[in-house]
Amino acid sequence: MAKNNECGVSDSVICKWLGKECKDCFINELNSDDAEKMLNDFKVTISLLPKNFDTLLGDECGFCKGEHKFKRHTYAIVDIAHSEPESKKGMFFGMGKRVRQKIGSLLPVSISICKRCRGQFKKLDIIKWAALLAFTGVSVGVCLIPAVNVNPVLPYAIVLAGGIAGYIAGKILSSWYMNKKSEETCFNVFDIPVLAKMRDIGWFTVQDDGPVTHFLFSRKPLMKKLSDICDESKKAGD
Ligand SMILES: [Zn+2]
């Protein structure tokens, strides 16, 4: 029996992906054409995911390198995007031209991460902040020297220079630490083999693409397994 006979996308992949009560679901507010378009667009998004996509949510850490993978402690989450399905914004500068938007699919990809790998990301943050605080603290200390203090501008310049030096030192130290640990842990999301495959077919991160990806960490994943939404029989087989 359908979950909701009044909803055109009830029990579809997007319905299962959202996993909401009908009263809380934004599709309720869409007209049937928009809801159907959303479902078709979502099917395109799903088709852009590799077969082993579900391993990202597995019991083992997706960030561990080498043979031994530690058990999942929590989930690392980052938004990734793809230009498909084609989405267009109307009336660009009133010229009547429809402009293709860069982002067609957006996915809060959630990846199992172990305690050790989570700790490496934490340490990178601590190193950056510690360097910034240490350099700023020393520069404030220098300003307390009476000879410096008499000049009205000098203390500000010293604190500013201390802050900049701390920021740079933090970057250098954290990249040194990252290099030291890069044999144990993937620091960039696209170093993870499943995601590397996804990058090859056009997925990219929305915010940044530096050597260390900025993740949010959560006890719960923000996405579902494909086997949970696409085919019930697959679930029984796995
Ligand atoms: Zn790990």
# chains A, B, ... in the order shown; residues from 1 in each chain; ligands from 1
$ select_by_dssp --residues "range 100-188 of chain A" --states "strand (DSSP E)" --output "list in words"
Arg100, Ser105, Leu106, Leu107, Pro108, Val109, Ser110, Ile111, Ser112 and Ile113 of chain A
$ write_last_selection --atoms "N, CA and C atoms" --output "PDB file, in the first residue's frame"
ATOM      1  N   ARG A 100      22.730  27.989 -17.518  1.00  0.00           N
ATOM      2  CA  ARG A 100      22.937  26.714 -16.851  1.00  0.00           C
ATOM      3  C   ARG A 100      23.635  26.944 -15.516  1.00  0.00           C
ATOM      4  N   SER A 105      23.370  18.566  -8.817  1.00  0.00           N
ATOM      5  CA  SER A 105      23.177  17.639  -7.701  1.00  0.00           C
ATOM      6  C   SER A 105      23.996  18.112  -6.508  1.00  0.00           C
ATOM      7  N   LEU A 106      23.423  17.978  -5.340  1.00  0.00           N
ATOM      8  CA  LEU A 106      24.146  18.330  -4.120  1.00  0.00           C
ATOM      9  C   LEU A 106      23.910  17.218  -3.108  1.00  0.00           C
ATOM     10  N   LEU A 107      24.999  16.691  -2.564  1.00  0.00           N
ATOM     11  CA  LEU A 107      24.876  15.524  -1.697  1.00  0.00           C
ATOM     12  C   LEU A 107      25.719  15.702  -0.431  1.00  0.00           C
ATOM     13  N   PRO A 108      25.110  15.604   0.749  1.00  0.00           N
ATOM     14  CA  PRO A 108      25.913  15.672   1.980  1.00  0.00           C
ATOM     15  C   PRO A 108      26.565  14.312   2.213  1.00  0.00           C
ATOM     16  N   VAL A 109      27.639  14.054   1.497  1.00  0.00           N
ATOM     17  CA  VAL A 109      28.227  12.711   1.552  1.00  0.00           C
ATOM     18  C   VAL A 109      28.757  12.450   2.966  1.00  0.00           C
ATOM     19  N   SER A 110      28.360  11.317   3.521  1.00  0.00           N
ATOM     20  CA  SER A 110      28.706  10.970   4.901  1.00  0.00           C
ATOM     21  C   SER A 110      29.603   9.735   4.872  1.00  0.00           C
ATOM     22  N   ILE A 111      30.730   9.807   5.562  1.00  0.00           N
ATOM     23  CA  ILE A 111      31.732   8.745   5.467  1.00  0.00           C
ATOM     24  C   ILE A 111      32.108   8.263   6.870  1.00  0.00           C
ATOM     25  N   SER A 112      32.100   6.953   7.067  1.00  0.00           N
ATOM     26  CA  SER A 112      32.507   6.391   8.363  1.00  0.00           C
ATOM     27  C   SER A 112      33.946   6.781   8.671  1.00  0.00           C
ATOM     28  N   ILE A 113      34.192   7.199   9.906  1.00  0.00           N
ATOM     29  CA  ILE A 113      35.556   7.578  10.297  1.00  0.00           C
ATOM     30  C   ILE A 113      35.870   7.000  11.680  1.00  0.00           C
TER      31      ILE A 113
END
$ residues_around --residues "Gly58 in chain A" --least-positions-apart "3" --cutoff "8 Å" --atoms "only C-alpha atoms" --output "list of chain:residue names"
A:Asp54, A:Thr55, A:Cys61, A:Arg72, A:Ser112
$ write_last_selection --atoms "N, CA and C atoms" --output "PDB file, in the first residue's frame"
ATOM      1  N   ASP A  54      27.786   2.502  -1.113  1.00  0.00           N
ATOM      2  CA  ASP A  54      27.328   2.169   0.243  1.00  0.00           C
ATOM      3  C   ASP A  54      28.466   1.826   1.199  1.00  0.00           C
ATOM      4  N   THR A  55      29.638   1.480   0.649  1.00  0.00           N
ATOM      5  CA  THR A  55      30.754   1.145   1.546  1.00  0.00           C
ATOM      6  C   THR A  55      31.185   2.370   2.369  1.00  0.00           C
ATOM      7  N   CYS A  61      36.380   2.290   8.878  1.00  0.00           N
ATOM      8  CA  CYS A  61      36.747   3.672   8.557  1.00  0.00           C
ATOM      9  C   CYS A  61      37.056   3.821   7.066  1.00  0.00           C
ATOM     10  N   ARG A  72      34.368   2.100  12.715  1.00  0.00           N
ATOM     11  CA  ARG A  72      33.759   3.434  12.688  1.00  0.00           C
ATOM     12  C   ARG A  72      33.523   3.973  14.095  1.00  0.00           C
ATOM     13  N   SER A 112      32.100   6.953   7.067  1.00  0.00           N
ATOM     14  CA  SER A 112      32.507   6.391   8.363  1.00  0.00           C
ATOM     15  C   SER A 112      33.946   6.781   8.671  1.00  0.00           C
TER      16      SER A 112
END
$ residues_near_ligand --ligand "ligand 1" --cutoff "7 Å" --atoms "only C-alpha atoms and all ligand atoms" --output "list in words"
Cys61, Gly62, Phe63, Cys64, Lys69, Phe70, Ile113, Cys114, Lys115, Arg116, Cys117 and Thr185 of chain A
$ closest_residue --among "A:His82, A:Arg118, A:His214, A:His73" --to "Arg199 in chain A" --atoms "only C-alpha atoms"
A:His82
$ closest_residue --among "A:Leu160, A:Glu21, A:Asn28, A:Asp228" --to "Gly8 in chain A" --atoms "only C-alpha atoms"
A:Asn28
$ atom_distance --atom1 "CA of Asp209 in chain A" --atom2 "CA of Phe190 in chain A"
9.2 Å
$ residues_around --residues "Asn4 in chain A" --least-positions-apart "4" --cutoff "12 Å" --atoms "only C-alpha atoms" --output "list in words"
Gly8, Val9, Ser10, Asp11, Ser12, Cys15, Lys20, Glu21, Cys22, Lys23, Cys25, Ile27 and Asn28 of chain A
$ write_last_selection --atoms "C-alpha atoms" --output "compact mmCIF listing (two decimals), in the first residue's frame"
# COMPACT_ATOMS: atom_id res chain seq x y z
CA GLY A 8 2.84 11.51 -6.73
CA VAL A 9 6.28 10.54 -5.47
CA SER A 10 5.17 8.45 -2.49
CA ASP A 11 7.37 5.37 -1.94
CA SER A 12 9.78 6.48 -4.68
CA CYS A 15 10.58 9.54 -0.66
CA LYS A 20 10.21 12.06 6.47
CA GLU A 21 6.67 11.97 7.72
CA CYS A 22 4.38 13.33 4.99
CA LYS A 23 3.36 16.27 7.19
CA CYS A 25 7.98 16.82 3.91
CA ILE A 27 7.32 17.90 -1.39
CA ASN A 28 3.81 18.41 0.02
$ residues_around --residues "range 137-139 of chain A" --least-positions-apart "3" --cutoff "7 Å" --atoms "only C-alpha atoms" --output "PyMOL selection string"
chain A and resi 133-134+142-143+158-159+162
$ closest_residue --among "A:Lys71, A:Lys123, A:Lys16, A:Lys171" --to "Leu57 in chain A" --atoms "only C-alpha atoms"
A:Lys71
$ residues_around --residues "Ile126 in chain A" --least-positions-apart "6" --cutoff "10 Å" --atoms "only C-alpha atoms" --output "PyMOL selection string"
chain A and resi 120+132+170+174
$ write_last_selection --atoms "N, CA and C atoms" --output "PDB file, in the first residue's frame"
ATOM      1  N   GLN A 120      43.189  12.802  14.057  1.00  0.00           N
ATOM      2  CA  GLN A 120      44.164  13.505  13.201  1.00  0.00           C
ATOM      3  C   GLN A 120      43.589  14.861  12.742  1.00  0.00           C
ATOM      4  N   LEU A 132      48.382  30.254  16.405  1.00  0.00           N
ATOM      5  CA  LEU A 132      47.816  31.609  16.357  1.00  0.00           C
ATOM      6  C   LEU A 132      47.815  32.245  17.743  1.00  0.00           C
ATOM      7  N   GLY A 170      50.877  28.412  11.831  1.00  0.00           N
ATOM      8  CA  GLY A 170      49.858  27.364  11.978  1.00  0.00           C
ATOM      9  C   GLY A 170      49.698  26.571  10.696  1.00  0.00           C
ATOM     10  N   SER A 174      50.694  22.690  10.486  1.00  0.00           N
ATOM     11  CA  SER A 174      49.640  21.706  10.235  1.00  0.00           C
ATOM     12  C   SER A 174      49.923  20.949   8.944  1.00  0.00           C
TER      13      SER A 174
END
$ closest_residue --among "A:Pro146, A:Gly141, A:Pro85, A:Gly163" --to "Ile46 in chain A" --atoms "only C-alpha atoms"
A:Pro85
$ decode --residues "range 149-173 of chain A" --atoms "N, CA and C atoms" --output "PDB file, in the first residue's frame"
ATOM      1  N   ASN A 149      55.329  50.587  24.566  1.00  0.00           N
ATOM      2  CA  ASN A 149      54.033  51.118  24.970  1.00  0.00           C
ATOM      3  C   ASN A 149      53.859  52.618  24.741  1.00  0.00           C
ATOM      4  N   VAL A 150      54.959  53.350  24.756  1.00  0.00           N
ATOM      5  CA  VAL A 150      54.849  54.817  24.616  1.00  0.00           C
ATOM      6  C   VAL A 150      54.400  55.229  23.220  1.00  0.00           C
ATOM      7  N   ASN A 151      54.735  54.429  22.249  1.00  0.00           N
ATOM      8  CA  ASN A 151      54.324  54.743  20.878  1.00  0.00           C
ATOM      9  C   ASN A 151      52.850  54.367  20.688  1.00  0.00           C
ATOM     10  N   PRO A 152      51.992  55.295  20.187  1.00  0.00           N
ATOM     11  CA  PRO A 152      50.560  54.982  20.085  1.00  0.00           C
ATOM     12  C   PRO A 152      50.211  53.941  19.002  1.00  0.00           C
ATOM     13  N   VAL A 153      51.029  53.798  17.982  1.00  0.00           N
ATOM     14  CA  VAL A 153      50.691  52.906  16.865  1.00  0.00           C
ATOM     15  C   VAL A 153      51.402  51.545  16.966  1.00  0.00           C
ATOM     16  N   LEU A 154      52.618  51.584  17.463  1.00  0.00           N
ATOM     17  CA  LEU A 154      53.464  50.379  17.476  1.00  0.00           C
ATOM     18  C   LEU A 154      52.791  49.127  18.069  1.00  0.00           C
ATOM     19  N   PRO A 155      52.124  49.223  19.248  1.00  0.00           N
ATOM     20  CA  PRO A 155      51.508  48.003  19.808  1.00  0.00           C
ATOM     21  C   PRO A 155      50.513  47.348  18.848  1.00  0.00           C
ATOM     22  N   TYR A 156      49.712  48.156  18.164  1.00  0.00           N
ATOM     23  CA  TYR A 156      48.739  47.579  17.214  1.00  0.00           C
ATOM     24  C   TYR A 156      49.465  46.836  16.094  1.00  0.00           C
ATOM     25  N   ALA A 157      50.524  47.488  15.594  1.00  0.00           N
ATOM     26  CA  ALA A 157      51.292  46.882  14.498  1.00  0.00           C
ATOM     27  C   ALA A 157      51.916  45.557  14.941  1.00  0.00           C
ATOM     28  N   ILE A 158      52.398  45.536  16.174  1.00  0.00           N
ATOM     29  CA  ILE A 158      53.054  44.318  16.677  1.00  0.00           C
ATOM     30  C   ILE A 158      52.040  43.181  16.840  1.00  0.00           C
ATOM     31  N   VAL A 159      50.856  43.503  17.396  1.00  0.00           N
ATOM     32  CA  VAL A 159      49.840  42.464  17.587  1.00  0.00           C
ATOM     33  C   VAL A 159      49.356  41.942  16.219  1.00  0.00           C
ATOM     34  N   LEU A 160      49.192  42.864  15.284  1.00  0.00           N
ATOM     35  CA  LEU A 160      48.764  42.459  13.937  1.00  0.00           C
ATOM     36  C   LEU A 160      49.807  41.537  13.293  1.00  0.00           C
ATOM     37  N   ALA A 161      51.075  41.960  13.405  1.00  0.00           N
ATOM     38  CA  ALA A 161      52.160  41.141  12.839  1.00  0.00           C
ATOM     39  C   ALA A 161      52.220  39.780  13.523  1.00  0.00           C
ATOM     40  N   GLY A 162      51.995  39.770  14.861  1.00  0.00           N
ATOM     41  CA  GLY A 162      51.987  38.510  15.617  1.00  0.00           C
ATOM     42  C   GLY A 162      50.882  37.593  15.133  1.00  0.00           C
ATOM     43  N   GLY A 163      49.714  38.167  14.887  1.00  0.00           N
ATOM     44  CA  GLY A 163      48.571  37.382  14.403  1.00  0.00           C
ATOM     45  C   GLY A 163      48.859  36.770  13.044  1.00  0.00           C
ATOM     46  N   ILE A 164      49.416  37.587  12.163  1.00  0.00           N
ATOM     47  CA  ILE A 164      49.725  37.088  10.804  1.00  0.00           C
ATOM     48  C   ILE A 164      50.782  35.984  10.875  1.00  0.00           C
ATOM     49  N   ALA A 165      51.811  36.235  11.690  1.00  0.00           N
ATOM     50  CA  ALA A 165      52.873  35.223  11.832  1.00  0.00           C
ATOM     51  C   ALA A 165      52.306  33.925  12.401  1.00  0.00           C
ATOM     52  N   GLY A 166      51.389  34.048  13.375  1.00  0.00           N
ATOM     53  CA  GLY A 166      50.761  32.867  13.977  1.00  0.00           C
ATOM     54  C   GLY A 166      49.948  32.091  12.965  1.00  0.00           C
ATOM     55  N   TYR A 167      49.241  32.821  12.119  1.00  0.00           N
ATOM     56  CA  TYR A 167      48.416  32.183  11.089  1.00  0.00           C
ATOM     57  C   TYR A 167      49.304  31.393  10.117  1.00  0.00           C
ATOM     58  N   ILE A 168      50.395  32.040   9.700  1.00  0.00           N
ATOM     59  CA  ILE A 168      51.313  31.382   8.752  1.00  0.00           C
ATOM     60  C   ILE A 168      51.995  30.183   9.410  1.00  0.00           C
ATOM     61  N   ALA A 169      52.443  30.386  10.663  1.00  0.00           N
ATOM     62  CA  ALA A 169      53.107  29.275  11.378  1.00  0.00           C
ATOM     63  C   ALA A 169      52.140  28.101  11.533  1.00  0.00           C
ATOM     64  N   GLY A 170      50.877  28.412  11.831  1.00  0.00           N
ATOM     65  CA  GLY A 170      49.858  27.364  11.978  1.00  0.00           C
ATOM     66  C   GLY A 170      49.698  26.571  10.696  1.00  0.00           C
ATOM     67  N   LYS A 171      49.700  27.287   9.565  1.00  0.00           N
ATOM     68  CA  LYS A 171      49.558  26.606   8.266  1.00  0.00           C
ATOM     69  C   LYS A 171      50.747  25.689   8.003  1.00  0.00           C
ATOM     70  N   ILE A 172      51.950  26.217   8.281  1.00  0.00           N
ATOM     71  CA  ILE A 172      53.167  25.430   8.023  1.00  0.00           C
ATOM     72  C   ILE A 172      53.206  24.192   8.917  1.00  0.00           C
ATOM     73  N   LEU A 173      52.923  24.405  10.220  1.00  0.00           N
ATOM     74  CA  LEU A 173      52.978  23.281  11.166  1.00  0.00           C
ATOM     75  C   LEU A 173      51.911  22.237  10.853  1.00  0.00           C
TER      76      LEU A 173
END
